[in-house]
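Source file: data.csv. Holds: CSV, C-alpha atoms.
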```
chain,number,residue,atom,x,y,z
A,287,MET,CA,96.5,-8.6,-44.9
A,288,SER,CA,93.9,-10.9,-46.3
A,289,ARG,CA,90.8,-9.7,-48.0
A,290,GLN,CA,87.4,-11.2,-47.4
A,291,SER,CA,85.3,-12.3,-50.3
A,292,PRO,CA,82.0,-10.4,-51.0
A,293,VAL,CA,80.0,-13.5,-50.2
A,294,ARG,CA,81.5,-13.7,-46.8
A,295,ARG,CA,80.8,-10.0,-46.1
A,296,VAL,CA,77.1,-10.3,-47.2
A,297,PHE,CA,76.3,-13.5,-45.2
A,298,PRO,CA,76.4,-11.9,-41.7
A,299,VAL,CA,74.2,-9.1,-42.9
A,300,LEU,CA,71.6,-11.6,-44.0
A,301,LEU,CA,71.7,-13.4,-40.7
A,302,LEU,CA,71.2,-10.2,-38.8
A,303,SER,CA,68.2,-9.3,-41.0
A,304,LEU,CA,66.6,-12.6,-40.4
A,305,ALA,CA,67.1,-12.3,-36.7
A,306,LEU,CA,65.5,-8.9,-36.6
A,307,GLY,CA,62.6,-10.1,-38.6
A,308,ALA,CA,62.0,-13.0,-36.2
A,309,CYS,CA,62.1,-10.6,-33.2
A,310,GLY,CA,59.6,-8.3,-34.9
A,311,ASP,CA,57.2,-11.3,-35.5
A,312,GLN,CA,57.4,-12.2,-31.8
A,313,ALA,CA,56.9,-8.5,-30.6
A,314,GLU,CA,53.5,-8.2,-32.4
A,315,PRO,CA,51.9,-11.1,-30.4
A,316,ALA,CA,53.5,-9.8,-27.3
A,317,ARG,CA,51.8,-6.4,-27.8
A,318,GLN,CA,48.5,-8.2,-28.5
A,319,ALA,CA,48.9,-10.3,-25.3
A,320,ALA,CA,49.3,-7.1,-23.2
A,321,ALA,CA,45.5,-6.4,-23.6
A,322,THR,CA,43.8,-7.5,-20.4
A,323,PRO,CA,40.5,-9.3,-20.8
A,324,VAL,CA,37.6,-7.6,-19.0
A,325,THR,CA,33.8,-7.9,-18.9
A,326,VAL,CA,31.7,-4.9,-19.8
A,327,VAL,CA,28.1,-3.9,-19.9
A,328,THR,CA,27.0,-1.4,-22.5
A,329,LEU,CA,24.5,1.0,-21.0
A,330,GLN,CA,21.2,1.3,-22.8
A,331,PRO,CA,18.2,3.5,-21.9
A,332,GLU,CA,15.2,1.6,-20.6
A,333,PRO,CA,11.9,2.3,-18.8
A,334,VAL,CA,12.2,1.9,-15.1
A,335,THR,CA,9.4,2.0,-12.5
A,336,LEU,CA,10.7,3.8,-9.5
A,337,THR,CA,9.2,2.6,-6.2
A,338,ARG,CA,9.6,3.5,-2.6
A,339,GLU,CA,9.4,1.1,0.4
A,340,LEU,CA,7.4,2.6,3.2
A,341,PRO,CA,6.7,1.2,6.7
A,342,GLY,CA,3.1,0.9,7.9
A,343,ARG,CA,0.5,-0.8,10.1
A,344,THR,CA,-2.5,-2.8,9.2
A,345,SER,CA,-6.0,-1.7,10.4
A,346,SER,CA,-9.4,-3.1,10.0
A,347,PHE,CA,-11.6,-2.1,7.0
A,348,LEU,CA,-14.6,-1.8,9.3
A,349,VAL,CA,-14.8,-1.8,13.1
A,350,ALA,CA,-18.0,-2.1,15.1
A,351,GLU,CA,-18.1,-1.9,18.9
A,352,VAL,CA,-21.1,-3.8,20.3
A,353,ARG,CA,-23.0,-2.1,23.1
A,354,PRO,CA,-26.5,-2.7,24.6
A,355,GLN,CA,-29.2,-0.2,23.7
A,356,VAL,CA,-31.5,-1.4,26.6
A,357,SER,CA,-30.8,-2.2,30.2
A,358,GLY,CA,-31.2,-5.7,31.6
A,359,ILE,CA,-29.6,-9.0,32.6
A,360,VAL,CA,-27.7,-10.9,29.9
A,361,GLN,CA,-29.4,-14.3,29.5
A,362,LYS,CA,-27.2,-15.9,26.8
A,363,ARG,CA,-24.1,-15.3,24.8
A,364,LEU,CA,-24.9,-16.6,21.3
A,365,PHE,CA,-21.5,-16.5,19.5
A,366,THR,CA,-18.1,-18.2,19.6
A,367,GLU,CA,-15.3,-15.8,20.7
A,368,GLY,CA,-12.9,-15.3,17.8
A,369,GLY,CA,-15.2,-16.7,15.2
A,370,LEU,CA,-16.8,-15.2,12.1
A,371,VAL,CA,-20.2,-13.5,12.4
A,372,LYS,CA,-22.6,-12.1,9.8
A,373,ALA,CA,-24.4,-8.9,9.9
A,374,GLY,CA,-27.7,-9.3,11.8
A,375,GLN,CA,-26.5,-12.5,13.6
A,376,ALA,CA,-27.6,-12.6,17.2
A,377,LEU,CA,-24.8,-12.1,19.7
A,378,TYR,CA,-26.5,-11.7,23.1
A,379,GLN,CA,-30.0,-12.1,24.5
A,380,ILE,CA,-31.1,-9.7,27.3
A,381,ASP,CA,-34.0,-10.5,29.6
A,382,ASP,CA,-36.8,-8.6,27.8
A,383,ALA,CA,-39.9,-9.6,29.9
A,384,THR,CA,-40.4,-6.0,31.0
A,385,TYR,CA,-40.2,-4.7,27.5
A,386,ARG,CA,-42.6,-7.3,26.2
A,387,ALA,CA,-45.1,-6.3,28.9
A,388,ASP,CA,-44.7,-2.7,27.8
A,389,LEU,CA,-45.4,-3.8,24.2
A,390,ALA,CA,-48.6,-5.6,25.2
A,391,SER,CA,-49.7,-2.5,27.1
A,392,ALA,CA,-49.0,-0.3,24.0
A,393,GLU,CA,-50.9,-2.7,21.7
A,394,ALA,CA,-53.9,-2.5,24.1
A,395,SER,CA,-53.8,1.3,24.0
A,396,LEU,CA,-53.7,1.2,20.3
A,397,ALA,CA,-56.8,-1.1,20.2
A,398,ARG,CA,-58.7,1.3,22.5
A,399,ALA,CA,-57.7,4.3,20.4
A,400,LYS,CA,-58.9,2.5,17.2
A,401,ALA,CA,-62.3,1.8,18.9
A,402,THR,CA,-62.6,5.4,19.9
A,403,LEU,CA,-61.8,6.4,16.4
A,404,LYS,CA,-64.6,4.2,15.0
A,405,SER,CA,-67.1,5.7,17.4
A,406,ALA,CA,-66.0,9.2,16.4
A,407,GLN,CA,-66.3,8.4,12.7
A,408,LEU,CA,-69.9,7.3,13.1
A,409,THR,CA,-70.8,10.3,15.2
A,410,ALA,CA,-69.2,12.7,12.7
A,411,ALA,CA,-71.1,11.0,9.9
A,412,ARG,CA,-74.5,11.3,11.6
A,413,SER,CA,-73.8,14.9,12.6
A,414,ALA,CA,-73.0,15.8,9.0
A,415,GLU,CA,-76.2,14.3,7.7
A,416,LEU,CA,-78.3,16.2,10.3
A,417,ALA,CA,-76.4,19.4,9.7
A,418,GLN,CA,-77.6,19.3,6.1
A,419,ILE,CA,-81.3,19.5,7.2
A,420,ASP,CA,-80.5,21.9,10.1
A,421,ALA,CA,-81.4,19.1,12.7
A,422,VAL,CA,-78.3,19.9,14.8
A,423,SER,CA,-76.6,23.1,15.5
A,424,ARG,CA,-73.4,24.2,13.6
A,425,GLN,CA,-71.4,24.0,16.8
A,426,ASP,CA,-72.4,20.4,17.6
A,427,ASN,CA,-71.4,19.4,14.1
A,428,GLU,CA,-68.0,21.1,14.5
A,429,ASN,CA,-67.5,19.4,17.8
A,430,ALA,CA,-68.1,16.0,16.2
A,431,VAL,CA,-65.6,16.7,13.5
A,432,ALA,CA,-63.0,17.8,16.0
A,433,ALA,CA,-63.6,14.7,18.1
A,434,LEU,CA,-63.0,12.6,15.0
A,435,GLN,CA,-59.7,14.3,14.3
A,436,GLN,CA,-58.6,13.9,17.9
A,437,ALA,CA,-59.4,10.2,17.7
A,438,GLU,CA,-57.3,9.9,14.5
A,439,ALA,CA,-54.4,11.6,16.3
A,440,ASP,CA,-54.8,9.3,19.3
A,441,VAL,CA,-54.5,6.3,17.0
A,442,LYS,CA,-51.3,7.6,15.5
A,443,VAL,CA,-49.8,8.2,19.0
A,444,ALA,CA,-50.8,4.7,20.0
A,445,GLU,CA,-49.2,3.2,16.9
A,446,ALA,CA,-46.0,5.1,17.6
A,447,ALA,CA,-46.0,3.7,21.2
A,448,VAL,CA,-46.4,0.2,19.8
A,449,GLN,CA,-43.5,0.7,17.4
A,450,SER,CA,-41.3,2.1,20.1
A,451,ALA,CA,-42.1,-0.9,22.4
A,452,ARG,CA,-41.3,-3.3,19.6
A,453,ILE,CA,-38.0,-1.7,19.0
A,454,LEU,CA,-37.1,-2.0,22.7
A,455,VAL,CA,-38.1,-5.7,22.6
A,456,GLY,CA,-35.9,-6.1,19.5
A,457,TYR,CA,-33.0,-4.4,21.3
A,458,GLY,CA,-33.2,-7.1,23.9
A,459,ARG,CA,-31.6,-9.4,21.2
A,460,ILE,CA,-28.2,-7.8,20.4
A,461,THR,CA,-27.1,-8.5,16.8
A,462,ALA,CA,-23.9,-8.0,14.9
A,463,PRO,CA,-23.9,-4.6,13.0
A,464,ILE,CA,-21.4,-5.8,10.4
A,465,SER,CA,-19.9,-9.1,9.1
A,466,GLY,CA,-16.5,-10.0,10.3
A,467,ARG,CA,-14.4,-11.6,13.0
A,468,ILE,CA,-15.6,-11.0,16.6
A,469,GLY,CA,-13.2,-10.7,19.6
A,470,LYS,CA,-13.7,-11.9,23.1
A,471,SER,CA,-16.8,-11.1,25.2
A,472,SER,CA,-16.4,-8.7,28.1
A,473,VAL,CA,-19.5,-10.1,29.8
A,474,THR,CA,-21.0,-13.4,30.6
A,475,ALA,CA,-24.6,-14.7,31.2
A,476,GLY,CA,-26.0,-13.0,34.3
A,477,ALA,CA,-24.2,-9.7,33.9
A,478,LEU,CA,-26.2,-6.5,34.2
A,479,VAL,CA,-25.8,-4.1,31.3
A,480,THR,CA,-27.1,-0.7,30.8
A,481,ALA,CA,-28.3,1.2,27.7
A,482,ASN,CA,-25.5,3.0,25.8
A,483,GLN,CA,-22.9,2.1,28.4
A,484,ALA,CA,-19.2,3.1,27.8
A,485,ALA,CA,-17.8,-0.4,28.0
A,486,THR,CA,-18.2,-2.6,24.9
A,487,LEU,CA,-19.6,-6.1,25.1
A,488,ALA,CA,-17.5,-7.2,22.1
A,489,THR,CA,-15.8,-5.9,18.9
A,490,VAL,CA,-16.5,-7.0,15.4
A,491,GLN,CA,-13.8,-6.3,12.7
A,492,GLN,CA,-14.1,-6.7,9.0
A,493,LEU,CA,-10.7,-8.0,7.8
A,494,ASP,CA,-11.3,-8.6,4.1
A,495,PRO,CA,-10.3,-6.3,2.6
A,496,ILE,CA,-7.9,-4.6,5.1
A,497,TYR,CA,-6.2,-1.2,5.3
A,498,VAL,CA,-2.5,-0.6,5.4
A,499,ASP,CA,-1.6,2.8,6.8
A,500,LEU,CA,1.7,4.2,5.6
A,501,THR,CA,3.7,7.3,6.3
A,502,GLN,CA,6.0,9.1,3.8
A,503,SER,CA,8.2,12.2,4.2
A,504,SER,CA,6.8,15.4,2.9
A,505,ALA,CA,10.2,16.2,1.4
A,506,GLU,CA,9.9,13.1,-0.8
A,507,LEU,CA,6.4,14.2,-1.8
A,508,LEU,CA,7.8,17.6,-3.0
A,509,ALA,CA,10.7,15.9,-4.9
A,510,LEU,CA,8.2,13.6,-6.6
A,511,ARG,CA,5.9,16.5,-7.6
A,512,GLU,CA,8.9,18.4,-9.0
A,513,ALA,CA,10.0,15.4,-11.0
A,514,LEU,CA,6.5,14.9,-12.4
A,515,ALA,CA,6.2,18.6,-13.2
A,516,ALA,CA,9.6,18.5,-15.0
A,517,GLY,CA,8.6,15.5,-17.1
A,518,THR,CA,11.4,13.3,-15.8
A,519,LEU,CA,8.8,10.9,-14.3
A,520,GLU,CA,5.4,9.8,-15.4
A,521,SER,CA,2.6,9.2,-12.9
A,522,THR,CA,2.0,5.7,-11.6
A,523,ALA,CA,-1.2,6.2,-9.6
A,524,ASP,CA,-2.8,3.0,-10.8
A,525,LEU,CA,0.2,0.7,-10.1
A,526,PRO,CA,-0.4,-2.1,-7.6
A,527,VAL,CA,1.2,-2.0,-4.2
A,528,THR,CA,3.4,-4.9,-3.0
A,529,ILE,CA,3.1,-5.8,0.7
A,530,LEU,CA,6.1,-7.3,2.5
A,531,LEU,CA,5.4,-9.1,5.8
A,532,GLU,CA,7.3,-8.8,9.0
A,533,ASN,CA,9.4,-11.9,8.1
A,534,GLY,CA,10.4,-10.3,4.8
A,535,GLU,CA,8.2,-12.5,2.7
A,536,ARG,CA,6.0,-11.0,-0.1
A,537,TYR,CA,2.3,-11.1,0.5
A,538,SER,CA,0.4,-13.1,-2.1
A,539,ARG,CA,-2.1,-10.3,-2.8
A,540,GLU,CA,-1.3,-6.8,-4.2
A,541,GLY,CA,-3.0,-3.7,-2.8
A,542,LYS,CA,-4.2,-0.4,-4.3
A,543,LEU,CA,-3.6,3.1,-3.1
A,544,ALA,CA,-6.9,4.3,-1.6
A,545,PHE,CA,-6.0,7.9,-0.7
A,546,SER,CA,-3.3,10.2,0.7
A,547,GLU,CA,-3.7,12.6,3.5
A,548,VAL,CA,-4.0,16.3,2.7
A,549,THR,CA,-2.1,17.5,5.9
A,550,VAL,CA,1.4,16.9,7.1
A,551,ASP,CA,2.1,15.9,10.7
A,552,PRO,CA,4.1,18.8,12.1
A,553,SER,CA,5.8,16.6,14.7
A,554,THR,CA,7.2,14.1,12.2
A,555,GLY,CA,7.2,16.0,8.8
A,556,SER,CA,5.3,13.2,7.2
A,557,TYR,CA,1.9,12.5,5.8
A,558,ALA,CA,-0.3,9.4,5.7
A,559,LEU,CA,-1.1,7.1,2.9
A,560,ARG,CA,-3.7,4.4,3.0
A,561,VAL,CA,-3.6,1.2,0.9
A,562,ILE,CA,-6.5,-1.3,0.6
A,563,VAL,CA,-5.4,-4.9,0.3
A,564,PRO,CA,-7.5,-8.1,-0.3
A,565,ASN,CA,-7.2,-10.4,2.7
A,566,PRO,CA,-9.5,-13.4,2.1
A,567,ASN,CA,-7.4,-15.8,4.3
A,568,HIS,CA,-7.0,-13.3,7.1
A,569,VAL,CA,-3.2,-13.5,6.9
A,570,LEU,CA,-3.0,-9.8,7.7
A,571,LEU,CA,-4.3,-8.9,11.2
A,572,PRO,CA,-5.0,-5.5,12.6
A,573,GLY,CA,-1.9,-3.9,14.1
A,574,MET,CA,0.7,-5.9,12.2
A,575,TYR,CA,3.8,-4.1,11.0
A,576,VAL,CA,4.4,-4.4,7.3
A,577,ARG,CA,6.2,-2.6,4.5
A,578,ALA,CA,4.7,-1.5,1.3
A,579,VAL,CA,6.5,-1.1,-2.0
A,580,ILE,CA,4.6,1.7,-3.7
A,581,GLY,CA,5.2,3.2,-7.2
A,582,ASN,CA,6.4,6.8,-7.4
A,583,GLY,CA,6.8,7.1,-11.2
A,584,VAL,CA,8.1,5.7,-14.4
A,585,ARG,CA,11.4,7.0,-15.9
A,586,GLN,CA,11.3,6.2,-19.6
A,587,ASN,CA,15.0,6.6,-20.5
A,588,ALA,CA,16.8,5.6,-17.4
A,589,LEU,CA,20.4,4.3,-17.3
A,590,LEU,CA,21.2,1.4,-14.9
A,591,VAL,CA,24.7,0.4,-14.1
A,592,PRO,CA,25.6,-2.8,-12.2
A,593,GLN,CA,26.8,-2.0,-8.6
A,594,GLN,CA,30.1,-3.9,-9.1
A,595,GLY,CA,30.9,-1.4,-11.8
A,596,VAL,CA,30.7,1.7,-9.5
A,597,ALA,CA,33.2,2.5,-6.7
A,598,ARG,CA,34.2,5.4,-4.5
A,599,ASP,CA,37.7,6.9,-4.8
A,600,PRO,CA,39.7,8.0,-1.7
A,601,ARG,CA,38.1,11.4,-1.8
A,602,GLY,CA,34.6,9.9,-1.6
A,603,GLN,CA,33.7,10.6,-5.2
A,604,THR,CA,31.7,7.9,-7.1
A,605,THR,CA,33.6,6.7,-10.2
A,606,ALA,CA,33.3,4.0,-12.9
A,607,LEU,CA,35.9,2.5,-15.2
A,608,VAL,CA,34.8,2.7,-18.9
A,609,VAL,CA,36.4,1.2,-22.0
A,610,GLY,CA,37.2,4.1,-24.4
A,611,ALA,CA,37.2,4.1,-28.2
A,612,ASP,CA,40.9,3.0,-28.3
A,613,ASN,CA,40.2,0.0,-25.9
A,614,LYS,CA,41.9,1.8,-23.1
A,615,VAL,CA,40.5,2.2,-19.6
A,616,GLU,CA,39.0,5.6,-18.6
A,617,VAL,CA,37.9,6.8,-15.2
A,618,ARG,CA,34.5,8.6,-15.2
A,619,PRO,CA,33.1,10.5,-12.3
A,620,VAL,CA,29.4,9.5,-12.0
A,621,GLN,CA,26.4,10.5,-10.0
A,622,VAL,CA,24.0,7.8,-8.8
A,623,SER,CA,20.9,8.4,-6.7
A,624,ARG,CA,19.5,5.0,-5.6
A,625,THR,CA,19.7,1.3,-6.1
A,626,VAL,CA,17.4,-0.6,-8.4
A,627,ASP,CA,17.7,-4.3,-7.5
A,628,ASP,CA,21.4,-4.9,-8.0
A,629,LYS,CA,22.1,-1.8,-10.1
A,630,TRP,CA,22.6,1.9,-9.6
A,631,LEU,CA,20.3,4.5,-11.2
A,632,VAL,CA,22.6,6.9,-13.0
A,633,GLU,CA,21.9,10.6,-12.7
A,634,GLY,CA,25.0,11.9,-14.5
A,635,GLY,CA,28.5,11.1,-15.7
A,636,LEU,CA,27.5,8.2,-18.0
A,637,VAL,CA,25.6,8.2,-21.3
A,638,ALA,CA,23.9,5.5,-23.4
A,639,GLY,CA,26.5,3.4,-25.2
A,640,ASP,CA,29.2,3.6,-22.6
A,641,LYS,CA,30.9,0.3,-21.8
A,642,VAL,CA,31.3,0.0,-18.1
A,643,ILE,CA,33.7,-2.6,-16.8
A,644,VAL,CA,32.1,-5.0,-14.3
A,645,ALA,CA,34.6,-7.8,-14.1
A,646,GLY,CA,38.4,-8.0,-14.2
A,647,LEU,CA,38.7,-4.8,-12.2
A,648,GLN,CA,41.6,-6.1,-10.1
A,649,LYS,CA,43.9,-6.5,-13.1
A,650,ILE,CA,43.5,-3.1,-14.7
A,651,ARG,CA,44.2,0.6,-14.0
A,652,PRO,CA,43.4,3.8,-15.9
A,653,GLY,CA,45.0,3.9,-19.3
A,654,ALA,CA,45.5,0.1,-19.5
A,655,LEU,CA,44.8,-1.6,-22.8
A,656,VAL,CA,41.9,-4.1,-22.4
A,657,GLN,CA,40.0,-6.6,-24.5
A,658,ALA,CA,36.3,-6.2,-23.7
A,659,THR,CA,33.7,-9.0,-23.6
A,660,GLU,CA,30.1,-7.9,-23.6
A,661,VAL,CA,27.4,-8.9,-21.1
A,662,ARG,CA,23.9,-7.9,-22.0
A,663,ALA,CA,21.9,-6.7,-19.1
A,664,PRO,CA,18.2,-7.5,-18.8
A,665,THR,CA,15.8,-4.7,-19.5
A,666,GLY,CA,12.3,-3.7,-18.4
A,667,VAL,CA,13.2,-3.7,-14.7
A,668,ALA,CA,10.7,-2.8,-12.1
A,669,ALA,CA,12.7,-0.7,-9.6
A,670,SER,CA,12.9,-1.5,-5.9
A,671,ILE,CA,14.4,1.7,-4.6
A,672,ASN,CA,16.6,1.7,-1.5
A,673,PRO,CA,17.3,5.3,-0.8
A,674,ASP,CA,19.2,4.6,2.4
A,675,PRO,CA,22.5,6.5,2.0
A,676,ALA,CA,24.3,4.2,4.5
A,677,GLN,CA,23.4,1.1,2.5
A,678,ALA,CA,24.4,2.9,-0.7
A,679,ASP,CA,27.8,3.8,0.7
A,680,SER,CA,28.4,0.2,1.9
A,681,ALA,CA,27.6,-1.1,-1.6
A,682,ALA,CA,30.0,1.3,-3.1
A,683,VAL,CA,32.7,0.4,-0.6
A,684,ALA,CA,32.2,-3.2,-1.4
A,685,ALA,CA,32.7,-2.5,-5.1
A,686,THR,CA,35.9,-0.5,-4.2
A,687,SER,CA,37.3,-3.5,-2.3
A,688,ARG,CA,36.7,-5.8,-5.2
A,689,ARG,CA,38.8,-3.5,-7.4
```

Render the structure in this file as structure tokens.
Amino acid sequence: MSRQSPVRRVFPVLLLSLALGACGDQAEPARQAAATPVTVVTLQPEPVTLTRELPGRTSSFLVAEVRPQVSGIVQKRLFTEGGLVKAGQALYQIDDATYRADLASAEASLARAKATLKSAQLTAARSAELAQIDAVSRQDNENAVAALQQAEADVKVAEAAVQSARILVGYGRITAPISGRIGKSSVTAGALVTANQAATLATVQQLDPIYVDLTQSSAELLALREALAAGTLESTADLPVTILLENGERYSREGKLAFSEVTVDPSTGSYALRVIVPNPNHVLLPGMYVRAVIGNGVRQNALLVPQQGVARDPRGQTTALVVGADNKVEVRPVQVSRTVDDKWLVEGGLVAGDKVIVAGLQKIRPGALVQATEVRAPTGVAASINPDPAQADSAAVAATSRR
């Protein structure tokens, strides 16, 4: 039996050691390659203005229905239908010949009353002089004074009659009570109109500025007041109101909240809000349907998470995948209340500093080792709230399908 030399026995051992070392060097990169690259957003608290989109209708700032104050035949229409008129501008001319004749009669009566007054003044003056030397009786002097006072009263009555007659003559020329845009005329020249009739001749509406009447649920009002009382929201009474037109475009001018109604409509459970909006170009017309984005409050330390980072599990619970301290994926149940642009407003389950995975969700599962790449989200967002649960659920389902 042959014996192997020590060198030949040691040589296989050295080869085995070298092979094991090489395998170890290859296993380390393999373990490092197992970390899946993902994109994360680190949540940071930021101030967010919470808003609410409400439906509404526009209404005129001022409305004046033009009616005749005297009866007569319409001689002329002095305006262009649909045009702009100024306060005091003549709109209609009514035949006022009768009223001018009455004015002339009243002026003649005034002249007669003034002549009588002049005679009474002279008589009273002479009677007073004679009474001092007892040339007339005391009763005659008192009668002269009484006649003077009656003549003065007759002059005042005549002056009032003249003023009344002038007013009626002036009413024969119907003028615009306010400045604005006038609608169509309900009468033409030759029509008979009567004083204070029920039917309007035309309507003048002031459209700059214009009102936007909104309705909001009383339940939302209570929730807002509770949040303000608890300190989670700060009041935003002075924030401008954004108007959205029927076609979805944003109106170029911003409005301001004028007032809120103090009673709730029992049939709808809502109350009214009124916004005043500049309308120099008359883009907004009375009766238009619009939507208004109105501020509810400011949350100073709000957390916003991108919508793609939130999904619903098979049980309907909202969850998010977060990178833990050991670079492993964790599942977090979260509570979200509403959308803010393309993000969810977090109410619970996540805290500042959490790294929420927003990309690479298809390649990972809970407990997987990941390599995170940070994406910095913009701050100072003005929230556009969409509290519609159906839309919120659809967004969450879309996020689930992306995973």

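Take CA of Ala399 (chain A) and CA of Gln449 (chain A): the distance between them is 15.0 Å.
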
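Interatomic distance, CA of Thr474 (chain A) to CA of Ala390 (chain A): 29.2 Å.
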
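Of the residues under consideration (A:Asp612, A:Asp628, A:Asp499, A:Asp640), A:Asp499 shows the shortest atom-to-atom contact distance to Gly573 (chain A) when counting all atoms listed in the file.
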
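Residues in contact with region 523-540 of chain A at up to 8 Å, not including ones fewer than 2 positions away on its chain and judged by all atoms listed in the file, are Ser521, Lys542, Leu543, Val561, Val563, Pro564, Asn565, Met574, Tyr575, Val576, Arg577, Ala578, Val579, Ile580, Gly581 and Asn582 of chain A.
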
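Using only C-alpha atoms, the smallest distance between any of A:Pro463, A:Gly368, A:Pro566, A:Pro652 and Leu348 (chain A) comes from A:Pro463.
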
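Counting all atoms listed in the file and comparing A:Asp627, A:Asp494, A:Glu339, A:Asp381, the residue that lies closest to Ala475 (chain A) is A:Asp381.
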
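Considering the residues A:Ala406, A:Val326, A:Leu636, A:Ala505 and counting all atoms listed in the file, Thr554 (chain A) has its shortest atom-to-atom contact with A:Ala505.
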